[in-house]
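**Student:** My structure is below; once you've seen it, I'll send some questions.
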Amino acid sequence: MTAANARMGSVIDEHGASFTIFSAHAERVELCLFDQQGTQETARFNLERNSELWRIHIDGGRAGQRYGYRIHGPYDPANGHRFNPNKLLIDPYAKALDRSFKLAPSHFGYPINDPAGLIPDNRDSAPDTPKGIVVADEPQAAQMPRIPWRDTVIYELHVRGMTMLRNDIPPRFRGTLAGLASPPIIAHLRMLGITTIELLPIHPIADEPRLIRIGLRNYWGYNPVNFFALESRYAAGDPMVEFRNLIARFHEAGIEVILDVVFNHTGEGDELGPTFSFRGIDNASYYILRPYDRCAYANFAGTGNTLNVAHPMVRLMVLDSLRHWAKLGVDGFRFDLATVLGRENGEFRSDAAFLTALVTDPDLSQLKLIAEPWDATHDGYRLGAFPPPFAEWNDRFRDGVRRFWRGDRGSTPELARRLTGSADMMGLRGPLASINFVTTHDGFTLRDTVSYAEKHNWANGEENADGNNDNFSWNCGVEGKTDDPAIGALRLRQKRNLVAILLFSLGIPMLTAGDELGRSQGGNNNAYCQDNETSWTDWKLGREDEIFLSFVRRVVSLRASHADFRRVTFYRGVEEGPRGLKDIAWLRPDGREMEVLDWENPMARSFGCAFGGTGGDGGDIRYILALNVGTETIPFALPEREGGPWKRLLDSFESDGGAEISVAAGAVWTLPPHSLALFVEVTSSV
């Protein structure tokens, strides 16, 4: 029996259930069965070994059976082995768990009086450990929406945070998959023009010991202990039933569902962390150990351990997990700290075995695959290095756009590169390889980006030392809340500028849940442990919030209705098409094309671009985008053109974006400070 012809985990057949688990270094493997409450062990069996796989068939085994493993072998940390049969272990392939994780002293593989962790602990962890549940095979999901990349607008959200404060959802469903699939949430996303939601991790979570000690919990979920099951805290009833219903409801609404997946590390932490699963099954295979100190782990993810996806069986587990969720109808995956997944012998390779297996898989490669192209090491930043069909989170877009609207000197060239799809980073792959964003779950919210110059993370219990110090934010003159109407108006205008640039730039835009509603975290830019109103989406809207929501909806709609914002190729800056126009031209406020000295001028505060109108992949319509980050109003000359006037489509100086109005060709438009305006040719099709 090999991995190629054996189904891992628990599998039901007509006679009962089989159980298969991998461990290359174990000496004996025991399967423990439990009653329906998961409290009393009812039977124990030794598995048969075949090479590195262990298997047993239980006649009469059925769906609903609770189980776990005890694995015997050397407790020899110096050589990378941490077997301890006193610890009940969760099957890595368990597709359901009977409860959430709650850390207990028995979960540690060493006694409390051995701070080095070099001797085994004899406490039985079974009473404190969630049990796996045998489940029947799930049917294949129905046809997926298959939204083209060019039409995609992503909305990143947290299952719990999205609905906790939503009063029109029954209390028992708030914070759950069922609540997220409710009509009010889907209606909001459809109204906004969202095509694709991206869920923060929904796999079972282990709260870090440090957080437990100070009364907090891991809210974001980037600390998984299993990759096939769902976190119980996100369900009012059966998690899988709620998840399948969520997929069905969103697909019926024409909205895709992407999962944020964490395969770079697990919630077992460093060498002094708890033993839930992988560490006790085969520590030396599942984790990357330090070559000269096999007691300790490589820490590429900055979380204490690194999952060894270069190992064939670990890689198979990850790919099987992805296939499991794809079968359930998931439309794609965002890979957290994806550089780790491309490391072999410590070095990143774009042709690493895992990445190659993924992008050549006939089914998985057809889904939306998104890389977070960095990890926690000095050489882990690899934006632009992932193979197609990957798209990549582009933090250079976020930083360039924020710096430009903050008014940083010399930021105009960087803004131009990001506005036009980041060709310097994405090369031959085209602008659709860039996932553009100005905020994510990690960092300031949109409101806080224009309200705080510094992070305020004291509530996280780390003396404000956690979180990024380089936020490129601007408080518009006052740190935090203010009653000054002028500052309030400026902040709203800056929010409009940031959102408009995001939606008008080439690439795939991603919005963060609650930004369209004015959500604030009080300046906390690392709210990973704040499972409270700091992180939850606030649905109580004031008049200004309602107007801003309408503005966001409007710019999303403009992107959808104008093909030039959804180009699949980079601009070339050459004359082409029947009218002999450049597909893009950069303009000074006086209407003349920018020259080298204009780009090099660090004091430049305003410029424009004319794009389209060449009959290329965008269309045969010409646009002008005029931007002014200065503190003074400037005159901006609209180019002369044959055939009629321009139409102003949007003006960020006005709270609602302004009415669409006609503007004469060759007119000089008054562009207020900290604002942008979008114009389009008036043609028979506009």
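Residue numbering restarts at 1 in every chain; chains get A, B, ... in the order shown in the structure tokens, and ligands count up from 1 in that same order.
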Give me the residues within 10 Å of A:Ala459 as a list in words, counting only C-alpha atoms and dropping any in the same chain fewer than 5 places off.
**Tutor:**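 Residues meeting the cut-off are Leu216, Asn464, Asn524, Asn526, Ala527, Cys529, Gln530 and Thr534 of chain A.
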**Student:** Create the file for the chosen residues now, containing N, CA and C atoms and written as a PDB file, in the first residue's frame.
**Tutor:**
```
ATOM      1  N   LEU A 216      -7.015  36.815  26.077  1.00  0.00           N
ATOM      2  CA  LEU A 216      -7.354  37.101  24.690  1.00  0.00           C
ATOM      3  C   LEU A 216      -7.407  35.792  23.903  1.00  0.00           C
ATOM      4  N   ASN A 464       2.732  47.737  22.803  1.00  0.00           N
ATOM      5  CA  ASN A 464       2.699  48.458  21.529  1.00  0.00           C
ATOM      6  C   ASN A 464       3.906  48.156  20.649  1.00  0.00           C
ATOM      7  N   ASN A 524      -5.461  50.517  16.082  1.00  0.00           N
ATOM      8  CA  ASN A 524      -4.788  49.220  16.236  1.00  0.00           C
ATOM      9  C   ASN A 524      -4.523  48.656  14.843  1.00  0.00           C
ATOM     10  N   ASN A 526      -2.837  45.772  14.304  1.00  0.00           N
ATOM     11  CA  ASN A 526      -2.518  44.345  14.406  1.00  0.00           C
ATOM     12  C   ASN A 526      -3.534  43.676  15.327  1.00  0.00           C
ATOM     13  N   ALA A 527      -4.812  43.794  14.966  1.00  0.00           N
ATOM     14  CA  ALA A 527      -5.891  43.367  15.858  1.00  0.00           C
ATOM     15  C   ALA A 527      -6.165  41.866  15.762  1.00  0.00           C
ATOM     16  N   CYS A 529      -5.789  39.567  17.817  1.00  0.00           N
ATOM     17  CA  CYS A 529      -6.274  38.946  19.049  1.00  0.00           C
ATOM     18  C   CYS A 529      -7.477  39.678  19.627  1.00  0.00           C
ATOM     19  N   GLN A 530      -8.104  40.525  18.853  1.00  0.00           N
ATOM     20  CA  GLN A 530      -9.218  41.338  19.345  1.00  0.00           C
ATOM     21  C   GLN A 530     -10.542  40.796  18.810  1.00  0.00           C
ATOM     22  N   THR A 534     -13.637  45.943  18.578  1.00  0.00           N
ATOM     23  CA  THR A 534     -12.498  46.553  17.884  1.00  0.00           C
ATOM     24  C   THR A 534     -12.407  46.039  16.459  1.00  0.00           C
TER      25      THR A 534
END
```
**Student:** Neighbours of A:Pro589 within 8 Å (only C-alpha atoms; same-chain residues fewer than 3 positions away dropped), as a PDB file with C-alpha atoms, in the first residue's frame?
**Tutor:**
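File written: around-v2.pdb
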```
ATOM      1  CA  ARG A 592       1.356  69.152 -22.090  1.00  0.00           C
ATOM      2  CA  SER A 606      -0.380  67.161  -9.445  1.00  0.00           C
ATOM      3  CA  PHE A 607      -0.498  65.375 -12.768  1.00  0.00           C
ATOM      4  CA  GLY A 608      -2.893  63.533 -15.019  1.00  0.00           C
ATOM      5  CA  ILE A 634      -4.820  74.122  -9.399  1.00  0.00           C
ATOM      6  CA  PRO A 635      -6.103  74.714 -12.943  1.00  0.00           C
ATOM      7  CA  PHE A 636      -6.012  71.550 -15.024  1.00  0.00           C
ATOM      8  CA  ALA A 637      -6.249  71.922 -18.810  1.00  0.00           C
TER       9      ALA A 637
END
```
**Student:** Skip A:Thr440 itself and residues of its chain fewer than 4 positions away, then list as a PDB file with C-alpha atoms, in the first residue's frame all residues within 9 Å of it, counting only C-alpha atoms.
**Tutor:**
```pdb
ATOM      1  CA  GLU A 156     -11.769  40.244   2.329  1.00  0.00           C
ATOM      2  CA  PHE A 444      -4.942  50.044   9.566  1.00  0.00           C
ATOM      3  CA  THR A 445      -8.503  50.136   8.347  1.00  0.00           C
ATOM      4  CA  LEU A 446      -9.266  52.719   5.672  1.00  0.00           C
ATOM      5  CA  MET A 510      -9.469  44.015  -3.094  1.00  0.00           C
ATOM      6  CA  LEU A 511     -11.581  45.809  -0.495  1.00  0.00           C
ATOM      7  CA  THR A 512     -11.479  45.034   3.228  1.00  0.00           C
ATOM      8  CA  ALA A 513     -14.748  44.379   5.037  1.00  0.00           C
TER       9      ALA A 513
END
```
**Student:** How many Å lie between atom CA of A:Arg160 and atom CA of A:Asp531, rounded to one decimal?
**Tutor:** 8.6 Å
**Student:** Stretch 232-243 of chain A: which residues within 8 Å, counting only C-alpha atoms, same-chain residues fewer than 2 positions away excluded, as an mmCIF file with C-alpha atoms, in the first residue's frame?
**Tutor:**
```cif
data_model
loop_
_atom_site.group_PDB
_atom_site.id
_atom_site.type_symbol
_atom_site.label_atom_id
_atom_site.label_comp_id
_atom_site.auth_asym_id
_atom_site.auth_seq_id
_atom_site.Cartn_x
_atom_site.Cartn_y
_atom_site.Cartn_z
ATOM 1 C CA LEU A 97 -13.792 17.704 15.013
ATOM 2 C CA ASP A 98 -16.255 17.426 17.876
ATOM 3 C CA ARG A 99 -15.273 20.738 19.497
ATOM 4 C CA SER A 100 -12.908 23.685 19.390
ATOM 5 C CA VAL A 159 -16.762 35.068 9.154
ATOM 6 C CA ARG A 160 -17.335 36.062 12.763
ATOM 7 C CA ARG A 172 -27.742 32.584 17.414
ATOM 8 C CA PHE A 173 -26.512 32.977 13.840
ATOM 9 C CA GLY A 175 -20.661 35.251 13.955
ATOM 10 C CA THR A 176 -21.342 32.030 12.061
ATOM 11 C CA LEU A 177 -21.250 30.631 8.553
ATOM 12 C CA ALA A 178 -25.051 30.564 8.636
ATOM 13 C CA ILE A 202 -11.785 28.951 8.863
ATOM 14 C CA PRO A 204 -9.643 24.768 13.478
ATOM 15 C CA LEU A 230 -13.975 23.732 10.072
ATOM 16 C CA ASN A 245 -25.197 26.089 2.366
ATOM 17 C CA LEU A 246 -22.955 29.181 2.326
ATOM 18 C CA ILE A 247 -21.285 28.037 -0.883
#
```
**Student:** Which residues come within 6 Å of stretch 374-389 of chain A, counting only C-alpha atoms, excluding same-chain residues fewer than 4 positions away, as a list in words?
**Tutor:**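 The contact residues come out as Phe300, Ala301, Gly302, Leu337, Thr339, Ser350, Met425 and Met426 of chain A.
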**Student:** Those same residues - N, CA and C atoms - I'd like them written as a tab-separated table (two decimals), in the first residue's frame.
**Tutor:**
```tsv
chain	number	residue	atom	x	y	z
A	300	PHE	N	10.56	30.11	9.45
A	300	PHE	CA	10.37	30.99	8.30
A	300	PHE	C	9.08	31.80	8.41
A	301	ALA	N	8.09	31.28	9.14
A	301	ALA	CA	6.81	31.97	9.26
A	301	ALA	C	6.76	32.93	10.44
A	302	GLY	N	7.79	32.91	11.31
A	302	GLY	CA	7.82	33.80	12.46
A	302	GLY	C	6.85	33.41	13.56
A	337	LEU	N	1.66	33.73	3.64
A	337	LEU	CA	3.13	33.61	3.66
A	337	LEU	C	3.59	32.55	2.66
A	339	THR	N	5.74	32.35	0.36
A	339	THR	CA	7.15	32.09	0.07
A	339	THR	C	7.61	30.82	0.77
A	350	SER	N	10.80	29.26	-7.54
A	350	SER	CA	9.49	29.39	-8.18
A	350	SER	C	9.04	28.08	-8.81
A	425	MET	N	6.91	44.77	-11.66
A	425	MET	CA	6.91	43.60	-10.79
A	425	MET	C	6.32	42.37	-11.48
A	426	MET	N	5.32	42.58	-12.31
A	426	MET	CA	4.56	41.45	-12.87
A	426	MET	C	5.03	41.01	-14.25
```
**Student:** For A:His57, which of A:Thr39, A:Ser422, A:Ser18, A:Asn299 is the closest residue, counting only C-alpha atoms?
**Tutor:**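 The closest residue to A:His57 is A:Ser18.
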**Student:** If we count only C-alpha atoms, what is near stretch 467-469 of chain A at a cut-off of 8 Å, once residues fewer than 3 positions away on the same chain are taken out, given as an MDAnalysis selection string?
**Tutor:** chainID A and resid 443 454:455 457 464 525:526
